[in-house]
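Source file: run.cif; contents: mmCIF, C-alpha atoms and all ligand atoms.
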data_coords
loop_
_atom_site.label_atom_id
_atom_site.label_comp_id
_atom_site.auth_asym_id
_atom_site.auth_seq_id
_atom_site.Cartn_x
_atom_site.Cartn_y
_atom_site.Cartn_z
CA MET X 266 -0.20 30.02 -17.49
CA SER X 267 -3.16 32.38 -17.40
CA ALA X 268 -6.93 32.15 -17.07
CA PRO X 269 -8.92 30.52 -19.89
CA ASP X 270 -10.85 33.72 -20.56
CA PRO X 271 -9.72 36.92 -18.86
CA GLU X 272 -12.88 38.71 -20.10
CA VAL X 273 -15.16 36.66 -17.87
CA PRO X 274 -14.85 36.98 -14.08
CA PRO X 275 -13.62 33.74 -12.57
CA GLY X 276 -16.02 31.62 -10.57
CA LEU X 277 -12.98 29.83 -9.25
CA ALA X 278 -9.24 30.49 -9.45
CA TRP X 279 -6.11 28.81 -8.15
CA VAL X 280 -3.51 31.55 -7.92
CA GLY X 281 0.17 30.62 -7.59
CA VAL X 282 -0.88 27.54 -5.69
CA SER X 283 1.65 25.07 -4.30
CA VAL X 284 0.77 22.13 -2.09
CA ARG X 285 3.20 20.17 0.05
CA ALA X 286 1.96 16.94 1.63
CA GLY X 287 3.73 13.95 3.15
CA GLY X 288 7.00 15.87 3.04
CA ARG X 289 6.99 16.51 -0.69
CA LEU X 290 5.68 19.05 -3.16
CA ILE X 291 2.66 17.64 -5.04
CA VAL X 292 1.47 20.78 -6.88
CA ASP X 293 3.88 23.52 -7.86
CA ASP X 294 3.00 27.18 -8.47
CA LEU X 295 -0.15 26.57 -10.46
CA THR X 296 -2.34 29.43 -11.68
CA LEU X 297 -5.60 28.64 -13.40
CA ALA X 298 -9.05 30.23 -13.43
CA VAL X 299 -12.48 28.97 -14.44
CA PRO X 300 -14.81 31.68 -15.76
CA ALA X 301 -18.10 31.81 -13.83
CA GLY X 302 -20.59 29.40 -15.38
CA ALA X 303 -17.94 27.52 -17.39
CA VAL X 304 -16.82 23.91 -17.22
CA LEU X 305 -13.11 23.15 -16.84
CA ALA X 306 -11.80 19.64 -17.42
CA LEU X 307 -8.58 18.63 -15.65
CA VAL X 308 -6.73 15.80 -17.39
CA GLY X 309 -3.34 14.29 -16.73
CA PRO X 310 -1.61 11.14 -15.54
CA SER X 311 -2.28 9.54 -12.21
CA GLY X 312 -0.64 11.43 -9.36
CA CYS X 313 -0.23 14.82 -11.09
CA GLY X 314 -2.50 16.56 -8.59
CA LYS X 315 -5.95 16.73 -10.19
CA THR X 316 -7.84 15.59 -7.09
CA THR X 317 -5.66 17.86 -4.99
CA LEU X 318 -6.92 20.81 -7.06
CA LEU X 319 -10.50 19.66 -6.46
CA SER X 320 -9.84 19.40 -2.71
CA LEU X 321 -8.47 22.94 -2.76
CA ALA X 322 -11.55 24.12 -4.67
CA ALA X 323 -13.84 22.39 -2.17
CA GLY X 324 -12.04 24.09 0.70
CA LEU X 325 -11.05 20.70 2.14
CA LEU X 326 -7.37 21.51 1.80
CA ALA X 327 -5.41 24.74 2.21
CA PRO X 328 -2.56 25.54 -0.19
CA THR X 329 0.94 25.69 1.25
CA ARG X 330 1.51 28.73 -0.94
CA GLY X 331 -0.76 30.91 -3.05
CA ARG X 332 -4.51 31.19 -2.72
CA VAL X 333 -7.79 29.83 -3.99
CA GLU X 334 -10.46 32.36 -4.97
CA ARG X 335 -14.04 31.18 -5.03
CA ARG X 336 -17.05 33.29 -5.89
CA CYS X 337 -19.51 30.71 -4.78
CA ALA X 338 -21.74 30.01 -1.83
CA ARG X 339 -22.61 26.35 -2.33
CA VAL X 340 -20.31 23.58 -3.46
CA ALA X 341 -21.50 20.14 -4.51
CA CYS X 342 -19.41 17.09 -5.45
CA LEU X 343 -19.95 14.05 -7.64
CA PHE X 344 -17.54 11.12 -7.41
CA GLN X 345 -16.92 7.93 -9.34
CA ASP X 346 -18.75 6.02 -6.58
CA PRO X 347 -22.27 7.51 -6.11
CA ARG X 348 -21.94 7.13 -2.31
CA LEU X 349 -25.68 6.71 -1.71
CA LEU X 350 -27.11 5.68 1.63
CA PRO X 351 -28.21 2.06 1.01
CA TRP X 352 -31.03 2.19 3.56
CA ARG X 353 -32.66 5.25 2.01
CA ARG X 354 -34.86 5.34 -1.08
CA ALA X 355 -33.62 7.10 -4.21
CA ARG X 356 -35.84 10.11 -3.51
CA ASP X 357 -34.53 10.49 0.04
CA ASN X 358 -30.94 10.12 -1.12
CA ALA X 359 -31.53 12.87 -3.68
CA ALA X 360 -33.11 15.01 -0.94
CA PHE X 361 -30.27 14.46 1.52
CA GLY X 362 -28.51 17.79 0.97
CA LEU X 363 -31.80 19.66 1.26
CA ARG X 364 -32.35 17.98 4.62
CA CYS X 365 -29.00 19.39 5.76
CA LEU X 366 -30.25 22.82 4.63
CA ASN X 367 -33.40 22.38 6.78
CA VAL X 368 -35.80 22.41 3.82
CA PRO X 369 -39.16 21.05 5.09
CA ARG X 370 -39.70 17.34 4.38
CA ALA X 371 -42.59 17.59 1.88
CA GLN X 372 -40.84 20.31 -0.06
CA ARG X 373 -37.48 18.51 -0.26
CA ARG X 374 -39.10 15.24 -1.30
CA ALA X 375 -41.09 16.97 -4.05
CA ARG X 376 -38.01 18.79 -5.29
CA ALA X 377 -35.90 15.61 -5.22
CA GLN X 378 -38.57 13.60 -7.05
CA ALA X 379 -38.91 16.27 -9.76
CA LEU X 380 -35.13 16.34 -10.22
CA LEU X 381 -34.90 12.55 -10.48
CA GLU X 382 -37.45 12.65 -13.27
CA THR X 383 -35.67 15.53 -15.01
CA LEU X 384 -32.54 13.38 -14.94
CA GLY X 385 -34.32 10.49 -16.64
CA LEU X 386 -35.59 8.26 -13.85
CA ARG X 387 -39.18 7.01 -13.91
CA PRO X 388 -41.57 8.25 -11.19
CA GLU X 389 -41.60 4.82 -9.49
CA ASP X 390 -37.76 4.75 -9.31
CA GLY X 391 -37.90 7.37 -6.55
CA ASP X 392 -39.27 4.66 -4.22
CA LYS X 393 -36.44 2.22 -4.93
CA PHE X 394 -33.40 1.56 -2.79
CA PRO X 395 -29.92 1.97 -4.35
CA ALA X 396 -29.47 -1.82 -4.61
CA GLN X 397 -32.54 -1.95 -6.87
CA LEU X 398 -31.06 0.56 -9.34
CA SER X 399 -28.49 0.14 -12.13
CA GLY X 400 -25.08 1.86 -11.90
CA GLY X 401 -26.21 4.58 -14.31
CA MET X 402 -29.40 5.17 -12.31
CA ARG X 403 -27.45 5.37 -9.05
CA GLN X 404 -25.15 7.97 -10.58
CA ARG X 405 -28.23 9.96 -11.69
CA VAL X 406 -29.48 9.90 -8.10
CA ALA X 407 -26.08 11.18 -6.94
CA LEU X 408 -26.26 13.92 -9.57
CA ALA X 409 -29.78 14.82 -8.38
CA ARG X 410 -28.47 15.02 -4.80
CA ALA X 411 -25.67 17.34 -5.97
CA LEU X 412 -27.95 19.60 -8.04
CA ALA X 413 -30.80 19.68 -5.50
CA ILE X 414 -28.95 22.14 -3.28
CA GLU X 415 -28.58 24.49 -6.26
CA PRO X 416 -24.78 24.67 -6.11
CA ASP X 417 -22.88 27.43 -7.83
CA LEU X 418 -19.75 25.25 -7.94
CA LEU X 419 -19.89 21.60 -8.95
CA LEU X 420 -16.79 19.41 -8.54
CA LEU X 421 -16.76 16.12 -10.44
CA ASP X 422 -14.06 13.52 -9.82
CA GLU X 423 -14.14 10.91 -12.59
CA PRO X 424 -17.91 10.57 -12.23
CA PHE X 425 -18.48 8.35 -15.28
CA ASN X 426 -15.69 5.79 -14.82
CA ALA X 427 -17.84 2.95 -13.53
CA LEU X 428 -20.33 3.18 -16.42
CA ASP X 429 -20.44 1.33 -19.74
CA PRO X 430 -19.77 3.47 -22.85
CA ALA X 431 -23.43 4.11 -23.76
CA ARG X 432 -24.42 5.13 -20.22
CA ARG X 433 -21.24 7.13 -19.95
CA ARG X 434 -22.14 9.13 -23.04
CA ASP X 435 -25.70 9.73 -21.74
CA LEU X 436 -24.42 10.95 -18.39
CA GLN X 437 -21.80 13.19 -19.99
CA ASP X 438 -24.50 14.88 -22.06
CA LEU X 439 -26.84 15.07 -19.09
CA VAL X 440 -24.25 16.70 -16.85
CA ARG X 441 -23.33 19.16 -19.57
CA ARG X 442 -27.00 20.04 -20.20
CA GLU X 443 -27.78 20.57 -16.52
CA VAL X 444 -24.63 22.55 -15.75
CA THR X 445 -25.28 24.87 -18.70
CA ALA X 446 -28.97 25.28 -17.84
CA ARG X 447 -28.14 26.14 -14.23
CA GLN X 448 -25.06 28.25 -15.03
CA VAL X 449 -23.01 26.33 -12.52
CA THR X 450 -19.23 26.69 -12.55
CA ALA X 451 -17.84 23.15 -12.78
CA VAL X 452 -14.48 21.41 -12.55
CA PHE X 453 -14.36 17.94 -13.95
CA VAL X 454 -11.49 15.44 -13.51
CA THR X 455 -11.17 12.73 -16.15
CA HIS X 456 -8.53 10.51 -17.73
CA ASP X 457 -10.25 10.60 -21.11
CA LEU X 458 -9.36 13.41 -23.52
CA GLY X 459 -12.45 12.80 -25.66
CA GLU X 460 -14.68 13.01 -22.59
CA ALA X 461 -12.89 16.19 -21.47
CA LEU X 462 -13.49 17.83 -24.87
CA ARG X 463 -17.10 16.68 -25.03
CA VAL X 464 -18.14 17.98 -21.61
CA SER X 465 -16.01 21.06 -20.99
CA ASP X 466 -15.43 24.61 -22.21
CA HIS X 467 -11.73 24.49 -21.29
CA VAL X 468 -9.35 21.56 -21.03
CA ALA X 469 -6.35 21.92 -18.69
CA VAL X 470 -3.66 19.28 -19.15
CA MET X 471 -1.51 18.65 -16.08
CA ALA X 472 1.64 16.57 -15.79
CA GLY X 473 4.72 15.97 -13.72
CA THR X 474 5.74 15.49 -10.14
CA PRO X 475 5.02 17.93 -8.64
CA GLY X 476 1.98 18.57 -10.82
CA ARG X 477 2.01 21.53 -13.18
CA LEU X 478 -0.24 22.90 -15.85
CA VAL X 479 1.29 22.08 -19.24
CA HIS X 480 -1.41 23.04 -21.72
CA LEU X 481 -4.79 24.78 -21.95
CA ALA X 482 -7.18 24.18 -24.84
CA PRO X 483 -10.80 25.02 -25.65
CA GLY X 484 -13.39 22.30 -25.11
CA LEU X 485 -16.50 21.68 -27.21
CA GLY X 486 -19.02 22.30 -24.44
CA ARG X 487 -20.26 25.50 -26.02
CA ALA X 488 -19.51 24.76 -29.65
CA PRO X 489 -22.00 26.76 -31.74
CA ASP X 490 -23.09 23.66 -33.67
CA ARG X 491 -23.54 21.65 -30.51
CA GLY X 492 -26.96 20.09 -30.13
CA PRO X 493 -27.91 17.91 -27.19
CA THR X 494 -24.71 15.97 -27.88
CA VAL X 495 -21.36 16.81 -29.47
CA ALA X 496 -21.30 15.36 -32.99
CA GLU X 497 -18.58 12.79 -33.57
CA ASP X 498 -17.45 14.73 -36.63
CA SER X 499 -16.59 17.77 -34.46
CA LEU X 500 -15.03 15.66 -31.74
CA ALA X 501 -12.58 13.77 -33.96
CA PRO X 502 -10.72 16.82 -35.39
CA ALA X 503 -10.72 18.56 -31.99
CA LEU X 504 -9.21 15.46 -30.44
CA LEU X 505 -6.57 15.20 -33.14
CA ALA X 506 -5.68 18.89 -32.76
CA LEU X 507 -5.39 18.60 -29.00
CA GLY X 508 -3.40 15.38 -29.26
CA ALA X 509 -1.02 16.95 -31.75
CA HIS X 510 0.16 19.56 -29.26
CA PRO X 511 3.66 18.58 -28.11
CA ALA X 512 2.87 19.01 -24.41
CA VAL X 513 -0.23 16.83 -24.73
CA ARG X 514 1.58 14.23 -26.85
CA ALA X 515 4.27 14.06 -24.19
CA VAL X 516 1.61 13.12 -21.64
CA PHE X 517 -0.72 10.92 -23.70
CA GLY X 518 1.52 9.57 -26.43
CA PRO X 519 0.16 9.69 -29.98
CA VAL X 520 -3.60 10.30 -30.04
CA GLY X 521 -5.07 8.86 -33.20
CA GLY X 522 -6.16 5.73 -34.97
CA ALA X 523 -9.60 4.25 -34.51
CA PRO X 524 -11.71 4.75 -32.59
CA LEU X 525 -10.68 8.31 -31.89
CA VAL X 526 -13.14 8.84 -29.09
CA SER X 527 -11.66 6.00 -27.11
CA CYS X 528 -8.46 7.64 -25.96
CA PRO X 529 -5.51 5.77 -24.60
CA SER X 530 -5.55 5.50 -20.85
CA ILE X 531 -3.06 7.81 -19.24
CA ARG X 532 -3.17 6.05 -15.91
CA SER X 533 -0.12 3.93 -16.62
N1 LIG U 1 -2.53 13.93 2.03
C1 LIG U 1 -1.52 13.52 1.26
N2 LIG U 1 -0.34 13.17 1.82
C2 LIG U 1 0.69 12.76 1.06
N3 LIG U 1 0.64 12.67 -0.28
C3 LIG U 1 -0.51 12.99 -0.87
C4 LIG U 1 -1.66 13.43 -0.17
N4 LIG U 1 -2.65 13.68 -1.04
C5 LIG U 1 -2.15 13.40 -2.24
N5 LIG U 1 -0.87 12.98 -2.15
C6 LIG U 1 -0.01 12.61 -3.28
O1 LIG U 1 -0.01 13.70 -4.16
C7 LIG U 1 0.01 13.27 -5.51
C8 LIG U 1 -1.16 13.86 -6.24
O2 LIG U 1 -2.37 13.21 -5.79
P1 LIG U 1 -3.77 13.44 -6.50
O3 LIG U 1 -4.74 12.49 -5.89
O4 LIG U 1 -4.11 14.87 -6.46
O5 LIG U 1 -3.43 13.03 -8.00
P2 LIG U 1 -4.43 12.74 -9.20
O6 LIG U 1 -3.85 13.41 -10.38
O7 LIG U 1 -5.82 13.08 -8.84
O8 LIG U 1 -4.30 11.16 -9.35
P3 LIG U 1 -5.37 10.08 -9.85
O9 LIG U 1 -5.57 10.38 -11.29
O10 LIG U 1 -4.67 8.77 -9.64
O11 LIG U 1 -6.61 10.22 -9.02
C9 LIG U 1 0.01 11.76 -5.46
O12 LIG U 1 1.34 11.31 -5.62
C10 LIG U 1 -0.51 11.44 -4.09
O13 LIG U 1 0.00 10.22 -3.62
#
Turn the structure described in the file into structure tokens.
Ligand SMILES: Nc1ncnc2c1ncn2[C@@H]1O[C@H](COP(=O)(O)OP(=O)(O)OP(=O)(O)O)[C@@H](O)[C@H]1O
Amino acid sequence: MSAPDPEVPPGLAWVGVSVRAGGRLIVDDLTLAVPAGAVLALVGPSGCGKTTLLSLAAGLLAPTRGRVERRCARVACLFQDPRLLPWRRARDNAAFGLRCLNVPRAQRRARAQALLETLGLRPEDGDKFPAQLSGGMRQRVALARALAIEPDLLLLDEPFNALDPARRRDLQDLVRREVTARQVTAVFVTHDLGEALRVSDHVAVMAGTPGRLVHLAPGLGRAPDRGPTVAEDSLAPALLALGAHPAVRAVFGPVGGAPLVSCPSIRS
């Protein structure tokens, strides 16, 4: 299967990648490219190799065969668990990556505070410790920490899973807005087809053992009628169309019924 858009140079590409671990093949001959500045969602059942692809993209794992091409200098990650330092205030957590880059203290604190506020926290929240923040606020701090280093590649591994539906929607829109504004190339792992369509420009469906790419579809991330959020009336038909594809139906089962945006879990 080829790149989502051969006209745009890839920010990231897995080329003929196979990964063998624990004595077995877990990803088999996978080729997929993300155009620079685009968002790719990886969806598929548990164990099909989505996180393995992220680890390859992060440079934490080397493929057994094939290669990973990255045109990026700085990689940032966002996980389901915000992984904040409990003894540091929100502002200092957000500034943590800048500290590693030797940005002077006053400068990194000012930049972190400004980012926290851009991401919807109140000025006084910067002084709070993680335990004093809600789950959604903690995830915003983690996002600020990721964006503070001005990454050109952002890897997101199920970052919204721990949030309730309203916060989840807010964070999806926030991530999409920030990634677009900063022209960051992003790869986003999710189990939710609706979420994948809402946030991404391209949706890659994986399946099987070893994991393979079974379908590529456009996402709604850059839909021309997209405002700050994707309208439900564009999401529903896109979800139905994606769910109607035989390869996707084979993975997810029938996608339909109400509510459409709440897709069946594909973990089981
Ligand atoms: N270091 C390793 N050694 C052995 N097996 C591994 C290793 N890393 C991953 N695996 C196996 O490879 C398969 C793919 O794992 P991976 O975490 O990439 O899947 P995934 O699609 O992200 O799953 P999930 O949706 O549950 O997070 C799984 O069966 C996993 O147990």
Quiz item: At what distance in Å, to one decimal, does CA of Met402 (chain X) lie from CA of Arg434 (chain X)?
Solution: 13.5 Å
Quiz item: What do you get as a ChimeraX atom specification if you pick all residues at most 7 Å from ligand LIG 1 (chain U), counting all atoms listed in the file?
Solution: /X:286-287,291,309-318,532
Neighbouring residues of region 367-383 of chain X were defined as those with any atom within 12 Å, considering only C-alpha atoms; residues of the same chain fewer than 4 positions away were excluded. Please report them as a PDB file with C-alpha atoms, keeping the file's coordinate frame.
ATOM      1  CA  ARG X 354     -34.860   5.340  -1.080  1.00  0.00           C
ATOM      2  CA  ALA X 355     -33.620   7.100  -4.210  1.00  0.00           C
ATOM      3  CA  ARG X 356     -35.840  10.110  -3.510  1.00  0.00           C
ATOM      4  CA  ASP X 357     -34.530  10.490   0.040  1.00  0.00           C
ATOM      5  CA  ASN X 358     -30.940  10.120  -1.120  1.00  0.00           C
ATOM      6  CA  ALA X 359     -31.530  12.870  -3.680  1.00  0.00           C
ATOM      7  CA  ALA X 360     -33.110  15.010  -0.940  1.00  0.00           C
ATOM      8  CA  PHE X 361     -30.270  14.460   1.520  1.00  0.00           C
ATOM      9  CA  GLY X 362     -28.510  17.790   0.970  1.00  0.00           C
ATOM     10  CA  LEU X 363     -31.800  19.660   1.260  1.00  0.00           C
ATOM     11  CA  ARG X 387     -39.180   7.010 -13.910  1.00  0.00           C
ATOM     12  CA  PRO X 388     -41.570   8.250 -11.190  1.00  0.00           C
ATOM     13  CA  GLU X 389     -41.600   4.820  -9.490  1.00  0.00           C
ATOM     14  CA  ASP X 390     -37.760   4.750  -9.310  1.00  0.00           C
ATOM     15  CA  GLY X 391     -37.900   7.370  -6.550  1.00  0.00           C
ATOM     16  CA  ASP X 392     -39.270   4.660  -4.220  1.00  0.00           C
ATOM     17  CA  LYS X 393     -36.440   2.220  -4.930  1.00  0.00           C
ATOM     18  CA  MET X 402     -29.400   5.170 -12.310  1.00  0.00           C
ATOM     19  CA  ARG X 403     -27.450   5.370  -9.050  1.00  0.00           C
ATOM     20  CA  GLN X 404     -25.150   7.970 -10.580  1.00  0.00           C
ATOM     21  CA  ARG X 405     -28.230   9.960 -11.690  1.00  0.00           C
ATOM     22  CA  VAL X 406     -29.480   9.900  -8.100  1.00  0.00           C
ATOM     23  CA  ALA X 407     -26.080  11.180  -6.940  1.00  0.00           C
ATOM     24  CA  LEU X 408     -26.260  13.920  -9.570  1.00  0.00           C
ATOM     25  CA  ALA X 409     -29.780  14.820  -8.380  1.00  0.00           C
ATOM     26  CA  ARG X 410     -28.470  15.020  -4.800  1.00  0.00           C
ATOM     27  CA  ALA X 411     -25.670  17.340  -5.970  1.00  0.00           C
ATOM     28  CA  LEU X 412     -27.950  19.600  -8.040  1.00  0.00           C
ATOM     29  CA  ALA X 413     -30.800  19.680  -5.500  1.00  0.00           C
ATOM     30  CA  ILE X 414     -28.950  22.140  -3.280  1.00  0.00           C
ATOM     31  CA  GLU X 415     -28.580  24.490  -6.260  1.00  0.00           C
ATOM     32  CA  LEU X 439     -26.840  15.070 -19.090  1.00  0.00           C
ATOM     33  CA  VAL X 440     -24.250  16.700 -16.850  1.00  0.00           C
ATOM     34  CA  ARG X 442     -27.000  20.040 -20.200  1.00  0.00           C
ATOM     35  CA  GLU X 443     -27.780  20.570 -16.520  1.00  0.00           C
TER      36      GLU X 443
END
Self-check item: Surrounding residues of Leu507 (chain X) excluding itself and chain neighbours under 6 positions, 9 Å, all atoms listed in the file, as a PyMOL selection string
Solution: chain X and resi 458+482+513-514+520
Quiz item: What lies within 12 Å of Arg432 (chain X) using only C-alpha atoms, ignoring chain neighbours under 2 positions off, as a list in words?
Solution: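 Surrounding residues, per the criterion: Gly385, Ser399, Gly400, Gly401, Met402, Arg403, Gln404, Arg405, Pro424, Phe425, Asn426, Ala427, Leu428, Asp429, Pro430, Arg434, Asp435, Leu436, Gln437, Asp438 and Leu439 of chain X.
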Starting from the sparse input, extend region 416-442 of chain X to N, CA and C atoms and give the output as a tab-separated table (two decimals), in the frame of the given file.
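Below is the file rebuild-v7.tsv, written as the result:
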chain	number	residue	atom	x	y	z
X	416	PRO	N	-26.16	24.22	-6.32
X	416	PRO	CA	-24.78	24.67	-6.11
X	416	PRO	C	-24.40	25.71	-7.15
X	417	ASP	N	-23.45	26.57	-6.79
X	417	ASP	CA	-22.88	27.43	-7.83
X	417	ASP	C	-21.51	26.93	-8.24
X	418	LEU	N	-21.00	25.91	-7.54
X	418	LEU	CA	-19.75	25.25	-7.94
X	418	LEU	C	-19.96	23.75	-7.83
X	419	LEU	N	-19.73	23.06	-8.93
X	419	LEU	CA	-19.89	21.60	-8.95
X	419	LEU	C	-18.53	20.97	-9.26
X	420	LEU	N	-18.09	20.05	-8.39
X	420	LEU	CA	-16.79	19.41	-8.54
X	420	LEU	C	-17.03	17.94	-8.86
X	421	LEU	N	-16.48	17.48	-9.98
X	421	LEU	CA	-16.76	16.12	-10.44
X	421	LEU	C	-15.45	15.36	-10.56
X	422	ASP	N	-15.30	14.29	-9.80
X	422	ASP	CA	-14.06	13.52	-9.82
X	422	ASP	C	-14.30	12.18	-10.50
X	423	GLU	N	-13.97	12.11	-11.77
X	423	GLU	CA	-14.14	10.91	-12.59
X	423	GLU	C	-15.52	10.28	-12.41
X	424	PRO	N	-16.58	11.07	-12.61
X	424	PRO	CA	-17.91	10.57	-12.23
X	424	PRO	C	-18.48	9.49	-13.14
X	425	PHE	N	-17.87	9.28	-14.32
X	425	PHE	CA	-18.48	8.35	-15.28
X	425	PHE	C	-17.69	7.05	-15.39
X	426	ASN	N	-16.62	6.91	-14.63
X	426	ASN	CA	-15.69	5.79	-14.82
X	426	ASN	C	-16.32	4.42	-14.70
X	427	ALA	N	-17.30	4.29	-13.79
X	427	ALA	CA	-17.84	2.95	-13.53
X	427	ALA	C	-18.93	2.57	-14.54
X	428	LEU	N	-19.19	3.42	-15.53
X	428	LEU	CA	-20.33	3.18	-16.42
X	428	LEU	C	-19.88	2.60	-17.76
X	429	ASP	N	-20.77	1.85	-18.40
X	429	ASP	CA	-20.44	1.33	-19.74
X	429	ASP	C	-20.50	2.51	-20.72
X	430	PRO	N	-19.91	2.33	-21.94
X	430	PRO	CA	-19.77	3.47	-22.85
X	430	PRO	C	-21.08	4.19	-23.18
X	431	ALA	N	-22.18	3.44	-23.38
X	431	ALA	CA	-23.43	4.11	-23.76
X	431	ALA	C	-23.97	4.95	-22.59
X	432	ARG	N	-23.94	4.38	-21.39
X	432	ARG	CA	-24.42	5.13	-20.22
X	432	ARG	C	-23.51	6.31	-19.94
X	433	ARG	N	-22.23	6.10	-20.18
X	433	ARG	CA	-21.24	7.13	-19.95
X	433	ARG	C	-21.54	8.35	-20.81
X	434	ARG	N	-21.82	8.07	-22.10
X	434	ARG	CA	-22.14	9.13	-23.04
X	434	ARG	C	-23.42	9.87	-22.60
X	435	ASP	N	-24.44	9.11	-22.20
X	435	ASP	CA	-25.70	9.73	-21.74
X	435	ASP	C	-25.46	10.66	-20.56
X	436	LEU	N	-24.67	10.15	-19.60
X	436	LEU	CA	-24.42	10.95	-18.39
X	436	LEU	C	-23.57	12.18	-18.70
X	437	GLN	N	-22.61	12.03	-19.60
X	437	GLN	CA	-21.80	13.19	-19.99
X	437	GLN	C	-22.71	14.28	-20.54
X	438	ASP	N	-23.62	13.89	-21.44
X	438	ASP	CA	-24.50	14.88	-22.06
X	438	ASP	C	-25.47	15.47	-21.03
X	439	LEU	N	-25.92	14.61	-20.13
X	439	LEU	CA	-26.84	15.07	-19.09
X	439	LEU	C	-26.17	16.09	-18.18
X	440	VAL	N	-24.97	15.78	-17.73
X	440	VAL	CA	-24.25	16.70	-16.85
X	440	VAL	C	-24.03	18.02	-17.57
X	441	ARG	N	-23.59	17.93	-18.81
X	441	ARG	CA	-23.33	19.16	-19.57
X	441	ARG	C	-24.62	20.00	-19.70
X	442	ARG	N	-25.72	19.32	-20.02
X	442	ARG	CA	-27.00	20.04	-20.20
X	442	ARG	C	-27.41	20.74	-18.90
